[in-house]
file start.pdb (PDB, C-alpha atoms)
ATOM      1  CA  MET T   1     107.617 111.747  71.141  1.00  0.00           C
ATOM      2  CA  PHE T   2     107.966 112.320  74.866  1.00  0.00           C
ATOM      3  CA  ALA T   3     105.663 114.883  76.478  1.00  0.00           C
ATOM      4  CA  ARG T   4     107.458 117.863  77.937  1.00  0.00           C
ATOM      5  CA  LYS T   5     107.614 117.868  81.714  1.00  0.00           C
ATOM      6  CA  LYS T   6     105.775 120.597  83.600  1.00  0.00           C
ATOM      7  CA  ARG T   7     107.249 123.547  85.433  1.00  0.00           C
ATOM      8  CA  ALA T   8     106.165 124.675  88.874  1.00  0.00           C
ATOM      9  CA  ILE T   9     106.454 127.527  91.317  1.00  0.00           C
ATOM     10  CA  PHE T  10     106.911 125.985  94.765  1.00  0.00           C
ATOM     11  CA  LEU T  11     105.623 128.449  97.337  1.00  0.00           C
ATOM     12  CA  ASP T  12     106.095 128.572 101.058  1.00  0.00           C
ATOM     13  CA  ARG T  13     102.711 129.335 102.591  1.00  0.00           C
ATOM     14  CA  ASP T  14     103.103 131.572 105.636  1.00  0.00           C
ATOM     15  CA  GLY T  15     104.966 134.764 104.814  1.00  0.00           C
ATOM     16  CA  ILE T  16     104.572 134.277 101.052  1.00  0.00           C
ATOM     17  CA  ILE T  17     100.884 133.583 100.418  1.00  0.00           C
ATOM     18  CA  ASN T  18      99.411 134.702 103.724  1.00  0.00           C
ATOM     19  CA  GLU T  19     100.843 137.111 106.262  1.00  0.00           C
ATOM     20  CA  LEU T  20     102.661 135.995 109.359  1.00  0.00           C
ATOM     21  CA  ARG T  21     101.285 137.247 112.672  1.00  0.00           C
ATOM     22  CA  TYR T  22     102.732 138.083 116.073  1.00  0.00           C
ATOM     23  CA  ASP T  23     101.881 135.631 118.845  1.00  0.00           C
ATOM     24  CA  PRO T  24     102.142 137.521 122.168  1.00  0.00           C
ATOM     25  CA  GLU T  25     101.821 134.303 124.201  1.00  0.00           C
ATOM     26  CA  TYR T  26     104.976 132.790 122.701  1.00  0.00           C
ATOM     27  CA  GLY T  27     106.638 136.066 121.678  1.00  0.00           C
ATOM     28  CA  VAL T  28     107.210 134.916 118.100  1.00  0.00           C
ATOM     29  CA  ILE T  29     106.091 135.794 114.581  1.00  0.00           C
ATOM     30  CA  GLU T  30     104.449 132.738 113.060  1.00  0.00           C
ATOM     31  CA  SER T  31     101.571 131.163 111.163  1.00  0.00           C
ATOM     32  CA  PRO T  32      97.961 132.232 111.790  1.00  0.00           C
ATOM     33  CA  LEU T  33      96.202 130.143 114.407  1.00  0.00           C
ATOM     34  CA  ASN T  34      92.648 131.010 113.384  1.00  0.00           C
ATOM     35  CA  THR T  35      90.838 132.124 110.240  1.00  0.00           C
ATOM     36  CA  ALA T  36      90.408 135.702 111.504  1.00  0.00           C
ATOM     37  CA  GLN T  37      94.191 136.126 111.328  1.00  0.00           C
ATOM     38  CA  VAL T  38      94.454 135.151 107.646  1.00  0.00           C
ATOM     39  CA  ARG T  39      95.506 137.973 105.305  1.00  0.00           C
ATOM     40  CA  LEU T  40      97.035 137.609 101.853  1.00  0.00           C
ATOM     41  CA  VAL T  41     100.538 139.020 101.411  1.00  0.00           C
ATOM     42  CA  PHE T  42     100.724 142.137  99.245  1.00  0.00           C
ATOM     43  CA  GLY T  43     101.715 141.214  95.689  1.00  0.00           C
ATOM     44  CA  ILE T  44     100.944 137.497  95.890  1.00  0.00           C
ATOM     45  CA  VAL T  45      97.853 137.646  93.646  1.00  0.00           C
ATOM     46  CA  PRO T  46      99.521 139.314  90.628  1.00  0.00           C
ATOM     47  CA  LEU T  47     102.529 137.017  91.032  1.00  0.00           C
ATOM     48  CA  LEU T  48     100.375 133.887  90.972  1.00  0.00           C
ATOM     49  CA  LYS T  49      98.306 135.129  88.045  1.00  0.00           C
ATOM     50  CA  TRP T  50     101.433 135.857  86.020  1.00  0.00           C
ATOM     51  CA  ALA T  51     102.944 132.486  86.921  1.00  0.00           C
ATOM     52  CA  LYS T  52      99.788 130.758  85.636  1.00  0.00           C
ATOM     53  CA  LYS T  53      99.915 132.732  82.396  1.00  0.00           C
ATOM     54  CA  LEU T  54     103.513 131.641  81.944  1.00  0.00           C
ATOM     55  CA  GLY T  55     102.465 128.003  82.271  1.00  0.00           C
ATOM     56  CA  TYR T  56     103.659 127.183  85.800  1.00  0.00           C
ATOM     57  CA  LEU T  57     101.881 124.945  88.262  1.00  0.00           C
ATOM     58  CA  LEU T  58     101.332 126.604  91.649  1.00  0.00           C
ATOM     59  CA  ILE T  59     102.302 124.268  94.475  1.00  0.00           C
ATOM     60  CA  ILE T  60     102.495 124.995  98.194  1.00  0.00           C
ATOM     61  CA  ILE T  61     105.265 123.239 100.121  1.00  0.00           C
ATOM     62  CA  SER T  62     105.273 124.283 103.744  1.00  0.00           C
ATOM     63  CA  ASN T  63     106.482 123.240 107.183  1.00  0.00           C
ATOM     64  CA  GLN T  64     103.516 123.402 109.571  1.00  0.00           C
ATOM     65  CA  PRO T  65     104.791 122.380 113.008  1.00  0.00           C
ATOM     66  CA  ASN T  66     101.971 123.987 115.046  1.00  0.00           C
ATOM     67  CA  LEU T  67     100.022 120.718 115.084  1.00  0.00           C
ATOM     68  CA  ALA T  68     103.074 118.919 116.444  1.00  0.00           C
ATOM     69  CA  LEU T  69     103.596 121.651 119.035  1.00  0.00           C
ATOM     70  CA  ALA T  70      99.928 121.452 120.120  1.00  0.00           C
ATOM     71  CA  LYS T  71      99.258 125.078 119.202  1.00  0.00           C
ATOM     72  CA  THR T  72      96.374 124.174 116.895  1.00  0.00           C
ATOM     73  CA  SER T  73      94.224 121.227 115.857  1.00  0.00           C
ATOM     74  CA  GLU T  74      93.953 119.387 112.567  1.00  0.00           C
ATOM     75  CA  ALA T  75      90.395 120.681 112.138  1.00  0.00           C
ATOM     76  CA  ASN T  76      91.516 124.270 112.701  1.00  0.00           C
ATOM     77  CA  PHE T  77      94.427 123.851 110.303  1.00  0.00           C
ATOM     78  CA  ALA T  78      91.969 122.646 107.663  1.00  0.00           C
ATOM     79  CA  ARG T  79      89.750 125.699 108.255  1.00  0.00           C
ATOM     80  CA  ILE T  80      92.729 128.035 107.831  1.00  0.00           C
ATOM     81  CA  SER T  81      93.749 126.274 104.611  1.00  0.00           C
ATOM     82  CA  ARG T  82      90.216 126.607 103.246  1.00  0.00           C
ATOM     83  CA  LYS T  83      90.200 130.311 104.126  1.00  0.00           C
ATOM     84  CA  ILE T  84      93.477 130.913 102.279  1.00  0.00           C
ATOM     85  CA  LYS T  85      92.270 129.045  99.194  1.00  0.00           C
ATOM     86  CA  GLY T  86      88.945 130.856  99.378  1.00  0.00           C
ATOM     87  CA  LEU T  87      90.607 134.267  99.404  1.00  0.00           C
ATOM     88  CA  LEU T  88      92.712 133.270  96.405  1.00  0.00           C
ATOM     89  CA  LYS T  89      89.670 131.890  94.584  1.00  0.00           C
ATOM     90  CA  LYS T  90      87.955 135.269  94.951  1.00  0.00           C
ATOM     91  CA  GLU T  91      90.939 136.678  93.045  1.00  0.00           C
ATOM     92  CA  ALA T  92      90.567 133.970  90.365  1.00  0.00           C
ATOM     93  CA  VAL T  93      93.678 132.098  91.526  1.00  0.00           C
ATOM     94  CA  THR T  94      93.730 128.327  92.070  1.00  0.00           C
ATOM     95  CA  ILE T  95      96.514 126.428  93.816  1.00  0.00           C
ATOM     96  CA  ASP T  96      97.282 123.206  91.944  1.00  0.00           C
ATOM     97  CA  ALA T  97      98.549 121.186  94.917  1.00  0.00           C
ATOM     98  CA  GLU T  98      99.524 121.479  98.578  1.00  0.00           C
ATOM     99  CA  TYR T  99     102.154 119.517 100.472  1.00  0.00           C
ATOM    100  CA  TYR T 100     102.647 120.005 104.200  1.00  0.00           C
ATOM    101  CA  CYS T 101     105.092 118.631 106.716  1.00  0.00           C
ATOM    102  CA  PHE T 102     103.500 118.424 110.165  1.00  0.00           C
ATOM    103  CA  HIS T 103     106.508 116.835 111.865  1.00  0.00           C
ATOM    104  CA  HIS T 104     108.792 118.339 114.461  1.00  0.00           C
ATOM    105  CA  PRO T 105     111.725 116.634 116.214  1.00  0.00           C
ATOM    106  CA  PHE T 106     110.522 117.953 119.613  1.00  0.00           C
ATOM    107  CA  ALA T 107     106.794 117.586 119.047  1.00  0.00           C
ATOM    108  CA  LYS T 108     104.408 117.533 121.984  1.00  0.00           C
ATOM    109  CA  VAL T 109     102.011 115.384 119.946  1.00  0.00           C
ATOM    110  CA  LYS T 110     103.631 111.975 119.713  1.00  0.00           C
ATOM    111  CA  LYS T 111     102.472 111.014 116.206  1.00  0.00           C
ATOM    112  CA  PHE T 112     104.215 114.085 114.781  1.00  0.00           C
ATOM    113  CA  ARG T 113     107.481 113.617 116.714  1.00  0.00           C
ATOM    114  CA  LYS T 114     109.834 112.575 113.971  1.00  0.00           C
ATOM    115  CA  LYS T 115     112.995 113.491 112.097  1.00  0.00           C
ATOM    116  CA  CYS T 116     111.875 113.312 108.499  1.00  0.00           C
ATOM    117  CA  ASP T 117     112.979 114.198 104.985  1.00  0.00           C
ATOM    118  CA  CYS T 118     109.813 116.166 104.237  1.00  0.00           C
ATOM    119  CA  ARG T 119     110.497 119.003 106.685  1.00  0.00           C
ATOM    120  CA  LYS T 120     112.381 121.736 104.827  1.00  0.00           C
ATOM    121  CA  PRO T 121     115.322 121.982 104.263  1.00  0.00           C
ATOM    122  CA  GLY T 122     114.605 118.338 103.411  1.00  0.00           C
ATOM    123  CA  VAL T 123     113.449 117.707  99.851  1.00  0.00           C
ATOM    124  CA  GLY T 124     110.962 114.877 100.379  1.00  0.00           C
ATOM    125  CA  LEU T 125     107.889 116.925  99.482  1.00  0.00           C
ATOM    126  CA  PHE T 126     109.569 118.388  96.397  1.00  0.00           C
ATOM    127  CA  LEU T 127     110.343 114.908  95.107  1.00  0.00           C
ATOM    128  CA  GLU T 128     106.813 113.728  95.887  1.00  0.00           C
ATOM    129  CA  ALA T 129     105.288 116.686  94.053  1.00  0.00           C
ATOM    130  CA  ALA T 130     107.614 116.223  91.079  1.00  0.00           C
ATOM    131  CA  LYS T 131     106.648 112.564  90.769  1.00  0.00           C
ATOM    132  CA  GLU T 132     102.909 113.119  91.146  1.00  0.00           C
ATOM    133  CA  HIS T 133     102.733 116.057  88.728  1.00  0.00           C
ATOM    134  CA  ASP T 134     105.516 115.165  86.269  1.00  0.00           C
ATOM    135  CA  ILE T 135     107.541 118.276  87.125  1.00  0.00           C
ATOM    136  CA  ASP T 136     110.996 119.199  85.866  1.00  0.00           C
ATOM    137  CA  LEU T 137     112.576 120.529  89.054  1.00  0.00           C
ATOM    138  CA  ASN T 138     115.452 122.168  87.176  1.00  0.00           C
ATOM    139  CA  SER T 139     112.950 124.337  85.278  1.00  0.00           C
ATOM    140  CA  SER T 140     111.015 125.224  88.416  1.00  0.00           C
ATOM    141  CA  TRP T 141     111.259 127.887  91.107  1.00  0.00           C
ATOM    142  CA  THR T 142     111.087 127.935  94.891  1.00  0.00           C
ATOM    143  CA  ILE T 143     109.908 131.156  96.521  1.00  0.00           C
ATOM    144  CA  GLY T 144     110.154 131.491 100.282  1.00  0.00           C
ATOM    145  CA  ASP T 145     110.893 133.875 103.109  1.00  0.00           C
ATOM    146  CA  GLY T 146     113.236 131.663 105.074  1.00  0.00           C
ATOM    147  CA  VAL T 147     116.636 130.063 104.841  1.00  0.00           C
ATOM    148  CA  ALA T 148     115.095 126.561 104.875  1.00  0.00           C
ATOM    149  CA  ASP T 149     113.154 127.419 101.697  1.00  0.00           C
ATOM    150  CA  VAL T 150     116.328 128.333  99.847  1.00  0.00           C
ATOM    151  CA  LEU T 151     118.261 125.313 101.089  1.00  0.00           C
ATOM    152  CA  ALA T 152     115.441 122.933 100.173  1.00  0.00           C
ATOM    153  CA  GLY T 153     114.849 124.515  96.778  1.00  0.00           C
ATOM    154  CA  LYS T 154     118.527 124.383  95.878  1.00  0.00           C
ATOM    155  CA  ALA T 155     118.855 120.789  97.057  1.00  0.00           C
ATOM    156  CA  ALA T 156     115.848 119.854  94.903  1.00  0.00           C
ATOM    157  CA  GLY T 157     117.454 121.476  91.858  1.00  0.00           C
ATOM    158  CA  CYS T 158     115.142 124.502  91.572  1.00  0.00           C
ATOM    159  CA  LYS T 159     115.970 128.123  91.023  1.00  0.00           C
ATOM    160  CA  THR T 160     115.295 130.056  94.218  1.00  0.00           C
ATOM    161  CA  MET T 161     114.023 133.414  95.382  1.00  0.00           C
ATOM    162  CA  LEU T 162     114.196 134.696  98.934  1.00  0.00           C
ATOM    163  CA  LEU T 163     111.724 137.362 100.024  1.00  0.00           C
ATOM    164  CA  ALA T 164     113.640 139.418 102.572  1.00  0.00           C
ATOM    165  CA  ASN T 165     114.090 142.933 103.836  1.00  0.00           C
ATOM    166  CA  ILE T 166     117.717 143.581 102.952  1.00  0.00           C
ATOM    167  CA  ASP T 167     117.662 147.317 103.615  1.00  0.00           C
ATOM    168  CA  ALA T 168     119.475 146.601 106.850  1.00  0.00           C
ATOM    169  CA  ALA T 169     123.009 145.329 106.227  1.00  0.00           C
ATOM    170  CA  GLU T 170     122.842 143.279 109.420  1.00  0.00           C
ATOM    171  CA  ASN T 171     119.805 141.374 108.120  1.00  0.00           C
ATOM    172  CA  LEU T 172     121.718 140.408 105.012  1.00  0.00           C
ATOM    173  CA  ARG T 173     124.743 139.295 107.035  1.00  0.00           C
ATOM    174  CA  ILE T 174     122.529 137.063 109.199  1.00  0.00           C
ATOM    175  CA  ILE T 175     120.977 135.470 106.103  1.00  0.00           C
ATOM    176  CA  GLU T 176     124.382 134.903 104.526  1.00  0.00           C
ATOM    177  CA  ARG T 177     125.725 133.261 107.703  1.00  0.00           C
ATOM    178  CA  GLN T 178     122.742 130.910 107.877  1.00  0.00           C
ATOM    179  CA  LEU T 179     122.988 129.935 104.216  1.00  0.00           C
ATOM    180  CA  GLY T 180     126.738 129.372 104.205  1.00  0.00           C
ATOM    181  CA  ASP T 181     127.940 128.576 100.693  1.00  0.00           C
ATOM    182  CA  ILE T 182     124.381 128.246  99.367  1.00  0.00           C
ATOM    183  CA  LYS T 183     122.984 131.405  97.784  1.00  0.00           C
ATOM    184  CA  PRO T 184     119.476 132.145  96.486  1.00  0.00           C
ATOM    185  CA  ASP T 185     119.359 132.987  92.798  1.00  0.00           C
ATOM    186  CA  PHE T 186     117.583 136.211  93.717  1.00  0.00           C
ATOM    187  CA  ILE T 187     116.712 138.152  96.857  1.00  0.00           C
ATOM    188  CA  ILE T 188     113.548 140.210  96.414  1.00  0.00           C
ATOM    189  CA  LYS T 189     112.018 142.907  98.618  1.00  0.00           C
ATOM    190  CA  LYS T 190     108.443 142.436  97.387  1.00  0.00           C
ATOM    191  CA  LEU T 191     106.667 139.634  95.583  1.00  0.00           C
ATOM    192  CA  THR T 192     105.906 141.650  92.474  1.00  0.00           C
ATOM    193  CA  ASP T 193     109.680 141.812  91.887  1.00  0.00           C
ATOM    194  CA  ALA T 194     109.546 138.087  91.118  1.00  0.00           C
ATOM    195  CA  VAL T 195     107.466 138.429  87.941  1.00  0.00           C
ATOM    196  CA  PRO T 196     110.080 139.974  85.610  1.00  0.00           C
ATOM    197  CA  LEU T 197     112.750 137.607  86.953  1.00  0.00           C
ATOM    198  CA  ILE T 198     110.642 134.554  86.137  1.00  0.00           C
ATOM    199  CA  LYS T 199     109.680 135.928  82.715  1.00  0.00           C
ATOM    200  CA  ARG T 200     113.303 136.683  81.879  1.00  0.00           C
ATOM    201  CA  SER T 201     114.493 133.190  82.800  1.00  0.00           C
ATOM    202  CA  ARG T 202     112.104 131.266  80.556  1.00  0.00           C
TER     203      ARG T 202
END

call {"tool": "encode", "arguments": {"input": "start.pdb", "output": "structure tokens"}}
result
Amino acid sequence: MFARKKRAIFLDRDGIINELRYDPEYGVIESPLNTAQVRLVFGIVPLLKWAKKLGYLLIIISNQPNLALAKTSEANFARISRKIKGLLKKEAVTIDAEYYCFHHPFAKVKKFRKKCDCRKPGVGLFLEAAKEHDIDLNSSWTIGDGVADVLAGKAAGCKTMLLANIDAAENLRIIERQLGDIKPDFIIKKLTDAVPLIKRSR
């Protein structure tokens, strides 16, 4: 008798678990650069608790190019990661595994300057996670707030959810142009919308 493979929720980190922040120096909305900027996204805690109750592993898969772009250090990145996990732990939520791509094709830090298959929309980290945790990708979900999350999740064989503000028709048109023929299984406006969709698909 073969053991049944596990199911997972693959989560982008910034914008899904913790809030993005505005960087006035670079004029962009991006990942936190220090622990004081870390805030959990509204709705992430009940989503993760429900996912655990439904038997899913919780796995972060995230592009983190700020090391490559010399915007932060490895030590600072580690502190931010500990802060995020600490905030979740206070809510009785544990992340089962984390996989990060630190590469960037135009990196300022030479060791991270690389075209790789782990940077989403590449699927390298999905395949690594599936192998290490015996995961059935076809029974798993990818939840992200960017086009790369959807493309990577689909390419890995997962069902996908895109967290996006689609109140503005122009926003939806931009997303559709970027995705091309690839479509997320669901577009959600808030993370708590994901729970009934996951429950219904079991």

call {"tool": "closest_residue", "arguments": {"input": "start.pdb", "among": "T:Lys5, T:Lys85, T:Lys183, T:Lys154", "to": "Pro121 of chain T", "atoms": "all atoms listed in the file"}}
result
T:Lys154

call {"tool": "closest_residue", "arguments": {"input": "start.pdb", "among": "T:Glu74, T:Asp14, T:Glu176, T:Asp96", "to": "Val109 of chain T", "atoms": "all atoms listed in the file"}}
result
T:Glu74

call {"tool": "resolve_selection", "arguments": {"input": "start.pdb", "expression": "the PyMOL selection byres ((chain T and resi 138) around 8)", "output": "ChimeraX atom specification"}}
result
/T:136-137,139-140,157-159

call {"tool": "axis_aligned_box", "arguments": {"input": "start.pdb", "around": "segment 32-38 of chain T", "padding_each_side": "8 Å", "output": "lines of an AutoDock Vina configuration file"}}
result
center_x = 94.2
center_y = 133.1
center_z = 111.0
size_x = 23.6
size_y = 22.0
size_z = 22.8

call {"tool": "resolve_selection", "arguments": {"input": "start.pdb", "expression": "the PyMOL selection byres ((chain T and resi 61) around 8)", "output": "list of chain:residue names"}}
result
T:Phe10, T:Leu11, T:Asp12, T:Arg13, T:Ile59, T:Ile60, T:Ser62, T:Asn63, T:Glu98, T:Tyr99, T:Tyr100, T:Leu125, T:Phe126

call {"tool": "write_last_selection", "arguments": {"input": "start.pdb", "atoms": "C-alpha atoms", "output": "compact mmCIF listing (two decimals), keeping the file's coordinate frame"}}
result
# COMPACT_ATOMS: atom_id res chain seq x y z
CA PHE T 10 106.91 125.98 94.76
CA LEU T 11 105.62 128.45 97.34
CA ASP T 12 106.10 128.57 101.06
CA ARG T 13 102.71 129.34 102.59
CA ILE T 59 102.30 124.27 94.48
CA ILE T 60 102.50 125.00 98.19
CA SER T 62 105.27 124.28 103.74
CA ASN T 63 106.48 123.24 107.18
CA GLU T 98 99.52 121.48 98.58
CA TYR T 99 102.15 119.52 100.47
CA TYR T 100 102.65 120.00 104.20
CA LEU T 125 107.89 116.92 99.48
CA PHE T 126 109.57 118.39 96.40

call {"tool": "closest_residue", "arguments": {"input": "start.pdb", "among": "T:Leu58, T:Leu40, T:Ala194, T:Leu179", "to": "Ala97 of chain T", "atoms": "only C-alpha atoms"}}
result
T:Leu58

call {"tool": "closest_residue", "arguments": {"input": "start.pdb", "among": "T:Pro184, T:Gly55, T:Gly27, T:Gly86", "to": "Leu163 of chain T", "atoms": "all atoms listed in the file"}}
result
T:Pro184

call {"tool": "resolve_selection", "arguments": {"input": "start.pdb", "expression": "the PyMOL selection byres ((chain T and resi 191) around 12)", "output": "ChimeraX atom specification"}}
result
/T:11,15-18,40-48,50-51,143-145,161-165,186-190,192-198

call {"tool": "atom_distance", "arguments": {"input": "start.pdb", "atom1": "atom CA of Phe77 of chain T", "atom2": "atom CA of Lys53 of chain T"}}
result
29.8 Å

call {"tool": "closest_residue", "arguments": {"input": "start.pdb", "among": "T:Ala152, T:Ala36, T:Val147, T:Leu20", "to": "Gln178 of chain T", "atoms": "only C-alpha atoms"}}
result
T:Val147

call {"tool": "residues_around", "arguments": {"input": "start.pdb", "residues": "Lys6 of chain T", "least_positions_apart": "2", "cutoff": "7 Å", "atoms": "only C-alpha atoms", "output": "list of chain:residue names"}}
result
T:Arg4, T:Ala8, T:Asp134, T:Ile135, T:Asp136

call {"tool": "write_last_selection", "arguments": {"input": "start.pdb", "atoms": "C-alpha atoms", "output": "short mmCIF file (atom, residue, chain, number, x, y, z; two decimals), in the frame of the given file"}}
result
data_model
loop_
_atom_site.label_atom_id
_atom_site.label_comp_id
_atom_site.auth_asym_id
_atom_site.auth_seq_id
_atom_site.Cartn_x
_atom_site.Cartn_y
_atom_site.Cartn_z
CA ARG T 4 107.46 117.86 77.94
CA ALA T 8 106.16 124.68 88.87
CA ASP T 134 105.52 115.16 86.27
CA ILE T 135 107.54 118.28 87.12
CA ASP T 136 111.00 119.20 85.87
#

call {"tool": "closest_residue", "arguments": {"input": "start.pdb", "among": "T:Ala130, T:Ala78, T:Leu33, T:Ala156", "to": "Arg7 of chain T", "atoms": "all atoms listed in the file"}}
result
T:Ala130

call {"tool": "atom_distance", "arguments": {"input": "start.pdb", "atom1": "atom CA of Asp185 of chain T", "atom2": "atom CA of Glu30 of chain T"}}
result
25.2 Å

call {"tool": "atom_distance", "arguments": {"input": "start.pdb", "atom1": "atom CA of Tyr26 of chain T", "atom2": "atom CA of Lys71 of chain T"}}
result
10.2 Å
